[in-house]
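**Student:** Got a structure for you, questions after.
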2 protein chains.
Amino acid sequence: MFRVLEQADLPSRIADLVLRAIGDGLLRPGERVTEARLAEQMGTSRAPVREALRLLESQGLIVSHPRRGFFVKSYNADELLEIYDLRECLELHNAQAVIAKMTDDDFKRLEAQVELLKQLGAEGRTQEQVVEDYAFHRMLCEVGGNSRILKLFDQIATELRSGIALVGRIYDNPVEIAKTHDPIIEALRARDVIRLRDELHEHLQDATTHVVEIYRQWPASPAEDLPGYPLSPIQQQKAR
Amino acid sequence: MFRVLEQADLPSRIADLVLRAIGDGLLRPGERVTEARLAEQMGTSRAPVREALRLLESQGLIVSHPRRGFFVKSYNADELLEIYDLRECLELHNAQAVIAKMTDDDFKRLEAQVELLKQLGAEGRTQEQVVEDYAFHRMLCEVGGNSRILKLFDQIATELRSGIALVGRIYDNPVEIAKTHDPIIEALRARDVIRLRDELHEHLQDATTHVVEIYRQWPASPAEDLPGYPLSPIQQQKAR
DNA sequence: TCCGTGTCAATCGTCGACAATCGACGAACG
DNA sequence: CGTTCGTCGATTGTCGACGATTGACACGGA
């Protein structure tokens with residue numbers, strides 16, 4: 001029996017929509033997400049909505065306070081630093097495996113990906129460049145071969161993407177950014193672990209400081225506020 | 001208003017019980033976990049049970065197959081290797097931060113913990129030794145200061161503990177194992193990053209090979225089986 | 001004997017409803 | 001005027017029930 005169109009289950013679809021809503025800035029950090037409202041909007045009952053939110057919670061994009069409800073996670077600079085630190089942890093460790101396992105074919109694909117990055121940068125398509133940038137680093141994790149690390153990277157990536165979406169575009173100079181991948185390619189070509197790690201370290205350090213800088217000058221992070229029930233669902237207010 | 005005894009919510013309590021059941025070998029890897037049965041045993045409806053299982057799923061201890069149900073995660077040697085690889089990734093990265101941030105007081109507590117390990121080893125209390133061993137490494141992560149990494153470590157620890165429970169006691173020679181922490185303490189005392197990382201690497205490598213060895217000679221890993229519905233809830237059987 | 005088909009029981013996914021709990025708001029009190 | 005207490009609406013946590021889907025099993029044909 002053919003299953004022509006594998007319909008994703010309800011919770012996943014709902015989670016996708018919420019994710020997109022966050023990414024598009026429709027749901028802002030700290031904002032409340034009410035089960036009933038979402039359920040109504042989706043035309044379902046609360047059960048699958050709940051599952052979707054719990055799924056997103058496990059991925060760090062939603063936080064829940066017992067008996068209070070769900071809220072879009074808002075990040076402060078410290079948290080972003082921790083996430084980037086973790087990312088660096090993964091990527092540097094992964095670098096070793098990459099050098100050990102990389103085939104010539106892998107290398108070619110990585111090289112091609114950087115070319116794509118440059119092209120997108122030159123054309124000013126920063127949106128897509130961000131996506132493809134992550135794709136490049138993801139490819140490295142794939143080559144590394146630890147599915148666990150790959151999964152973690154994916155999780156971090158979505159978190160960073162959504163956490164960064166609200167800050168607006170990251171890349172001041174797309175062309176510049178694309179070029180910073182060149183040394184990584186060179187290290188890969190030379191199969192030099194130490195150099196690869198150094199380059200990745202610098203690369204990620206740059207990204208970190210850049211993002212955090214932007215983040216700092218942002219309107220005093222939305223803070224982890226807990227709106228009370230009877231409030232209009234959008235506004236926020238301090239609690240406790 | 002005092003809240004003398006903060007009653008944990010239902011899902012968490014259920015998750016705890018399931019976790020304990022897994023740790024005690026009451027629920028074996030690959031075994032099916034039926035919502036209705038668990039709900040009946042807990043005297044609740046299926047809703048909180050579902051939440052508990054999804055929670056454990058997000059922690060990797062339970063896997064779910066859509067429309068099929070929940071099963072206790074069973075690990076094969078490769079997966080264990082990946083987990084240990086990730087753990088090493090975290091701990092080695094964390095080592096740097098430890099050296100940078102460790103106070104004298106931190107060091108004393110770490111030293112004391114190793115003493116405790118030795119004592120437990122000498123007394124043959126291997127069960128507690130395992131727990132305190134994790135506690136030691138957890139302390140390192142605490143000192144490191146990245147809450148994200150700490151959380152991940154905790155997750156990995158529970159996973160490994162439950163995944164290893166079925167294999168029986170790990171430590172052939174508890175006294176020996178306890179001693180292998182000494183070089184780590186020495187590296188910490190000298191505040192030598194490189195040495196610390198080397199020692200941790202060796203330490204974890206030992207643990208890895210040890211566990212995997214035991215794992216290999218185990219009755220051909222329970223495999224990721226998918227029991228069908230009408231089966232007695234305990235037995236397993238291949239599918240597809 | 002082997003393979004395809006139909007039936008069946010078990011179980012999950014989803015639903016609507018109810019009770020418990022929370023914060024906000026306003027009144028009473030010092 | 002500031003603080004405490006009670007009430008209220010909104011929302012979550014939990015429940016029982018129903019339909020949908022799955023794999024196991026029995027049967028029949030090649």
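Convention: chains lettered A, B, ... in structure tokens order; per-chain residue numbering from 1; ligands numbered from 1 as shown.
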Distance cut-off 12 Å, counting only C-alpha atoms (C1' of nucleotides) - which residues of chain D neighbour chain B? Return them as a list in words.
**Tutor:**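 Residues passing the distance filter: DG13, DT14, DC15, DG16, DA17, DA20, DT21, DT22, DG23, DA24 and DC25 of chain D.
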**Student:** Output N, CA and C atoms (P, O5', C5', C4', C3', O3' and C1' of nucleotides) of each residue in that selection to a file, as a short mmCIF file (atom, residue, chain, number, x, y, z; two decimals), in the first residue's frame.
**Tutor:**
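Okay, this is what ended up in again_14.cif:
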data_model
loop_
_atom_site.label_atom_id
_atom_site.label_comp_id
_atom_site.auth_asym_id
_atom_site.auth_seq_id
_atom_site.Cartn_x
_atom_site.Cartn_y
_atom_site.Cartn_z
P DG D 13 -0.60 22.92 33.48
"O5'" DG D 13 -1.59 21.91 34.23
"C5'" DG D 13 -1.62 21.94 35.65
"C4'" DG D 13 -2.55 20.85 36.19
"C3'" DG D 13 -2.23 19.45 35.68
"O3'" DG D 13 -2.32 18.53 36.78
"C1'" DG D 13 -4.47 20.00 35.13
P DT D 14 -1.96 17.01 36.60
"O5'" DT D 14 -3.39 16.34 36.35
"C5'" DT D 14 -4.39 16.46 37.35
"C4'" DT D 14 -5.71 15.95 36.84
"C3'" DT D 14 -5.68 14.52 36.27
"O3'" DT D 14 -6.40 13.68 37.18
"C1'" DT D 14 -7.02 16.00 34.95
P DC D 15 -6.41 12.11 36.91
"O5'" DC D 15 -7.81 11.95 36.17
"C5'" DC D 15 -8.98 12.49 36.79
"C4'" DC D 15 -10.16 12.45 35.84
"C3'" DC D 15 -10.37 11.10 35.16
"O3'" DC D 15 -11.49 10.44 35.73
"C1'" DC D 15 -10.64 12.97 33.63
P DG D 16 -11.59 8.86 35.63
"O5'" DG D 16 -12.59 8.69 34.41
"C5'" DG D 16 -13.88 9.30 34.47
"C4'" DG D 16 -14.51 9.36 33.10
"C3'" DG D 16 -14.60 8.00 32.38
"O3'" DG D 16 -15.92 7.84 31.87
"C1'" DG D 16 -13.52 9.60 30.99
P DA D 17 -16.29 6.57 31.00
"O5'" DA D 17 -16.21 7.17 29.52
"C5'" DA D 17 -16.87 8.41 29.25
"C4'" DA D 17 -16.88 8.68 27.75
"C3'" DA D 17 -17.07 7.43 26.88
"O3'" DA D 17 -17.94 7.73 25.80
"C1'" DA D 17 -15.04 8.51 26.32
P DA D 20 -13.52 7.32 12.80
"O5'" DA D 20 -11.98 7.04 13.02
"C5'" DA D 20 -11.13 8.10 13.42
"C4'" DA D 20 -9.67 7.66 13.38
"C3'" DA D 20 -9.31 6.79 12.17
"O3'" DA D 20 -8.01 7.15 11.72
"C1'" DA D 20 -8.96 5.57 14.19
P DT D 21 -7.41 6.44 10.42
"O5'" DT D 21 -6.32 5.47 11.04
"C5'" DT D 21 -5.39 5.98 11.98
"C4'" DT D 21 -4.61 4.84 12.62
"C3'" DT D 21 -4.09 3.80 11.62
"O3'" DT D 21 -2.69 3.69 11.78
"C1'" DT D 21 -5.16 2.75 13.46
P DT D 22 -1.79 2.91 10.68
"O5'" DT D 22 -1.23 1.69 11.53
"C5'" DT D 22 -0.64 1.93 12.81
"C4'" DT D 22 -0.68 0.69 13.66
"C3'" DT D 22 -0.22 -0.56 12.90
"O3'" DT D 22 1.12 -0.85 13.25
"C1'" DT D 22 -2.18 -0.96 14.26
P DG D 23 1.97 -1.90 12.37
"O5'" DG D 23 1.72 -3.27 13.15
"C5'" DG D 23 2.12 -3.37 14.51
"C4'" DG D 23 1.53 -4.61 15.14
"C3'" DG D 23 2.00 -5.93 14.51
"O3'" DG D 23 2.28 -6.86 15.54
"C1'" DG D 23 -0.38 -5.78 14.42
P DA D 24 2.86 -8.30 15.22
"O5'" DA D 24 1.61 -9.23 15.59
"C5'" DA D 24 1.12 -9.21 16.92
"C4'" DA D 24 -0.11 -10.10 17.04
"C3'" DA D 24 0.12 -11.54 16.55
"O3'" DA D 24 -0.46 -12.44 17.49
"C1'" DA D 24 -1.70 -10.55 15.38
P DC D 25 -0.15 -14.03 17.33
"O5'" DC D 25 -1.47 -14.57 16.64
"C5'" DC D 25 -2.74 -14.24 17.21
"C4'" DC D 25 -3.84 -14.60 16.22
"C3'" DC D 25 -3.67 -15.98 15.58
"O3'" DC D 25 -4.76 -16.81 15.99
"C1'" DC D 25 -4.25 -14.32 13.97
#
**Student:** With DSSP run on the backbone, what are the helix (DSSP H, G or I) residues within region 29-128 of chain B? I'd like them as a ChimeraX atom specification.
**Tutor:** /B:35-42,46-58,77-101,104-122,126-128
**Student:** Using Å and a single decimal, report how far CA of Glu186 (chain A) sits from CA of Gly121 (chain A).
**Tutor:**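 Between CA of Gly121 (chain A) and CA of Glu186 (chain A) the gap works out to 19.5 Å.
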**Student:** Using only C-alpha atoms and a cut-off of 12 Å, which residues of chain A sit close to chain B? Please list them as an MDAnalysis selection string.
**Tutor:** chainID A and resid 7:12 46:48 50:60 65:67 78:97 144:153 156
**Student:** What are the nearest atom pairs, with distances in Å to one decimal, for all residues of chain C that come at most 10 Å from chain A, using only C-alpha atoms (C1' of nucleotides), set out by chain and rising residue number as a Markdown table?
**Tutor:**
| residue | atom | partner | partner_atom | distance |
| --- | --- | --- | --- | --- |
| C:DG13 | C1' | A:Pro48 | CA | 8.5 |
| C:DT14 | C1' | A:Ala47 | CA | 6.9 |
| C:DC15 | C1' | A:Ser45 | CA | 6.1 |
| C:DG16 | C1' | A:Ser45 | CA | 8.1 |
| C:DA20 | C1' | A:Arg67 | CA | 9.7 |
| C:DT21 | C1' | A:Arg67 | CA | 6.9 |
| C:DC22 | C1' | A:Arg68 | CA | 6.9 |
| C:DG23 | C1' | A:Gly228 | CA | 5.1 |
| C:DA24 | C1' | A:Pro230 | CA | 6.6 |
| C:DC25 | C1' | A:Pro230 | CA | 9.9 |
**Student:** Could those residues be written to a file, using N, CA, C and O atoms (P, O5', C5', C4', C3', O3' and C1' of nucleotides), as an mmCIF file, in the first residue's frame?
**Tutor:**
data_model
loop_
_atom_site.group_PDB
_atom_site.id
_atom_site.type_symbol
_atom_site.label_atom_id
_atom_site.label_comp_id
_atom_site.auth_asym_id
_atom_site.auth_seq_id
_atom_site.Cartn_x
_atom_site.Cartn_y
_atom_site.Cartn_z
ATOM 1 P P DG C 13 -0.037 8.297 20.091
ATOM 2 O "O5'" DG C 13 -1.356 9.045 19.570
ATOM 3 C "C5'" DG C 13 -1.662 8.978 18.194
ATOM 4 C "C4'" DG C 13 -2.920 9.775 17.907
ATOM 5 C "C3'" DG C 13 -2.858 11.230 18.378
ATOM 6 O "O3'" DG C 13 -3.358 12.059 17.338
ATOM 7 C "C1'" DG C 13 -4.753 10.134 19.329
ATOM 8 P P DT C 14 -3.353 13.671 17.537
ATOM 9 O "O5'" DT C 14 -4.829 13.962 18.064
ATOM 10 C "C5'" DT C 14 -5.932 13.573 17.265
ATOM 11 C "C4'" DT C 14 -7.215 13.742 18.041
ATOM 12 C "C3'" DT C 14 -7.438 15.138 18.637
ATOM 13 O "O3'" DT C 14 -8.477 15.770 17.901
ATOM 14 C "C1'" DT C 14 -8.093 13.384 20.135
ATOM 15 P P DC C 15 -8.854 17.279 18.184
ATOM 16 O "O5'" DC C 15 -10.088 17.103 19.176
ATOM 17 C "C5'" DC C 15 -11.174 16.267 18.772
ATOM 18 C "C4'" DC C 15 -12.108 16.024 19.927
ATOM 19 C "C3'" DC C 15 -12.530 17.282 20.683
ATOM 20 O "O3'" DC C 15 -13.862 17.627 20.345
ATOM 21 C "C1'" DC C 15 -12.015 15.436 22.169
ATOM 22 P P DG C 16 -14.363 19.115 20.505
ATOM 23 O "O5'" DG C 16 -15.122 19.050 21.901
ATOM 24 C "C5'" DG C 16 -16.216 18.153 22.061
ATOM 25 C "C4'" DG C 16 -16.535 17.966 23.516
ATOM 26 C "C3'" DG C 16 -16.844 19.258 24.288
ATOM 27 O "O3'" DG C 16 -18.028 19.084 25.040
ATOM 28 C "C1'" DG C 16 -15.139 18.022 25.392
ATOM 29 P P DA C 20 -12.037 20.356 43.207
ATOM 30 O "O5'" DA C 20 -10.612 20.987 42.860
ATOM 31 C "C5'" DA C 20 -9.615 20.159 42.273
ATOM 32 C "C4'" DA C 20 -8.368 20.980 41.956
ATOM 33 C "C3'" DA C 20 -7.955 21.951 43.066
ATOM 34 O "O3'" DA C 20 -6.549 21.925 43.217
ATOM 35 C "C1'" DA C 20 -8.374 23.149 41.049
ATOM 36 P P DT C 21 -5.852 22.797 44.345
ATOM 37 O "O5'" DT C 21 -5.319 24.052 43.521
ATOM 38 C "C5'" DT C 21 -4.489 23.830 42.381
ATOM 39 C "C4'" DT C 21 -4.226 25.156 41.682
ATOM 40 C "C3'" DT C 21 -3.818 26.284 42.625
ATOM 41 O "O3'" DT C 21 -2.559 26.784 42.213
ATOM 42 C "C1'" DT C 21 -5.486 26.998 41.106
ATOM 43 P P DC C 22 -1.660 27.641 43.209
ATOM 44 O "O5'" DC C 22 -1.489 29.002 42.385
ATOM 45 C "C5'" DC C 22 -1.019 28.925 41.038
ATOM 46 C "C4'" DC C 22 -1.546 30.098 40.251
ATOM 47 C "C3'" DC C 22 -1.323 31.442 40.934
ATOM 48 O "O3'" DC C 22 -0.189 32.077 40.377
ATOM 49 C "C1'" DC C 22 -3.526 31.250 39.967
ATOM 50 P P DG C 23 0.393 33.402 41.153
ATOM 51 O "O5'" DG C 23 -0.385 34.592 40.424
ATOM 52 C "C5'" DG C 23 -0.218 34.767 39.030
ATOM 53 C "C4'" DG C 23 -1.185 35.822 38.520
ATOM 54 C "C3'" DG C 23 -0.966 37.212 39.111
ATOM 55 O "O3'" DG C 23 -1.091 38.184 38.088
ATOM 56 C "C1'" DG C 23 -3.167 36.450 39.610
ATOM 57 P P DA C 24 -0.861 39.722 38.370
ATOM 58 O "O5'" DA C 24 -2.355 40.287 38.367
ATOM 59 C "C5'" DA C 24 -3.138 40.122 37.187
ATOM 60 C "C4'" DA C 24 -4.529 40.693 37.410
ATOM 61 C "C3'" DA C 24 -4.543 42.133 37.936
ATOM 62 O "O3'" DA C 24 -5.474 42.893 37.190
ATOM 63 C "C1'" DA C 24 -5.773 40.705 39.389
ATOM 64 P P DC C 25 -5.531 44.458 37.342
ATOM 65 O "O5'" DC C 25 -6.822 44.669 38.269
ATOM 66 C "C5'" DC C 25 -8.028 43.978 37.944
ATOM 67 C "C4'" DC C 25 -8.958 44.040 39.130
ATOM 68 C "C3'" DC C 25 -9.022 45.405 39.809
ATOM 69 O "O3'" DC C 25 -10.327 45.936 39.676
ATOM 70 C "C1'" DC C 25 -8.829 43.640 41.407
#
**Student:** Excluding DG30 (chain C) and residues on its chain fewer than 4 positions from it, collect all residues at most 12 Å away from it, counting only C-alpha atoms (C1' of nucleotides), and give them as a list in words.
**Tutor:**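 Listing them by chain and then by number gives DC1, DG2, DT3 and DT4 of chain D.
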**Student:** Work out how far apart CA of Val98 (chain B) and CA of Glu142 (chain B) are and give it in Å to one decimal.
**Tutor:**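 Distance between the two atoms: 8.6 Å.
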**Student:** Can you pull out the residues contacting His203 (chain B)? Cut-off 12 Å, using only C-alpha atoms (C1' of nucleotides), and skip same-chain residues under 2 positions away; I want them as a ChimeraX atom specification.
**Tutor:** /B:84,87-88,91-92,133,137,176-184,195-201,205-210
**Student:** Could you pull out all residues of region 64-162 of chain B with a DSSP call of strand (DSSP E or B) and give them as a ChimeraX atom specification?
**Tutor:** /B:64-65,69-72
**Student:** Those residues with N, CA, C and O atoms, as a compact mmCIF listing (two decimals), in the first residue's frame please?
**Tutor:**
# COMPACT_ATOMS: atom_id res chain seq x y z
N SER B 64 9.23 6.64 21.50
CA SER B 64 7.84 6.43 21.13
C SER B 64 7.74 6.23 19.63
O SER B 64 8.45 6.89 18.87
N HIS B 65 6.93 5.33 19.25
CA HIS B 65 6.65 5.14 17.83
C HIS B 65 5.20 5.54 17.61
O HIS B 65 4.30 4.98 18.25
N GLY B 69 3.10 3.33 20.42
CA GLY B 69 3.22 3.41 21.85
C GLY B 69 4.63 3.74 22.33
O GLY B 69 5.50 4.13 21.55
N PHE B 70 4.85 3.58 23.61
CA PHE B 70 6.12 3.94 24.24
C PHE B 70 6.89 2.68 24.61
O PHE B 70 6.31 1.67 24.98
N PHE B 71 8.21 2.79 24.52
CA PHE B 71 9.06 1.67 24.86
C PHE B 71 10.28 2.18 25.63
O PHE B 71 10.75 3.30 25.37
N VAL B 72 10.75 1.34 26.52
CA VAL B 72 11.98 1.70 27.22
C VAL B 72 13.13 1.67 26.22
O VAL B 72 13.28 0.71 25.48
**Student:** What lies within 12 Å of DA27 (chain C) using only C-alpha atoms (C1' of nucleotides), ignoring chain neighbours under 5 positions off, as a PyMOL selection string?
**Tutor:** chain D and resi 4-7
**Student:** Which distance in Å separates CA of Leu120 (chain B) and CA of Glu132 (chain B), to one decimal?
**Tutor:** 8.9 Å
**Student:** Extract, using only C-alpha atoms (C1' of nucleotides), all DNA, RNA and protein residues at most 9 Å from Glu111 (chain B), discarding same-chain residues fewer than 5 positions from it, and format them as a list in words.
**Tutor:**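 So the residues in contact are Asp106, Leu116, Asp182 and Ile185 of chain B.
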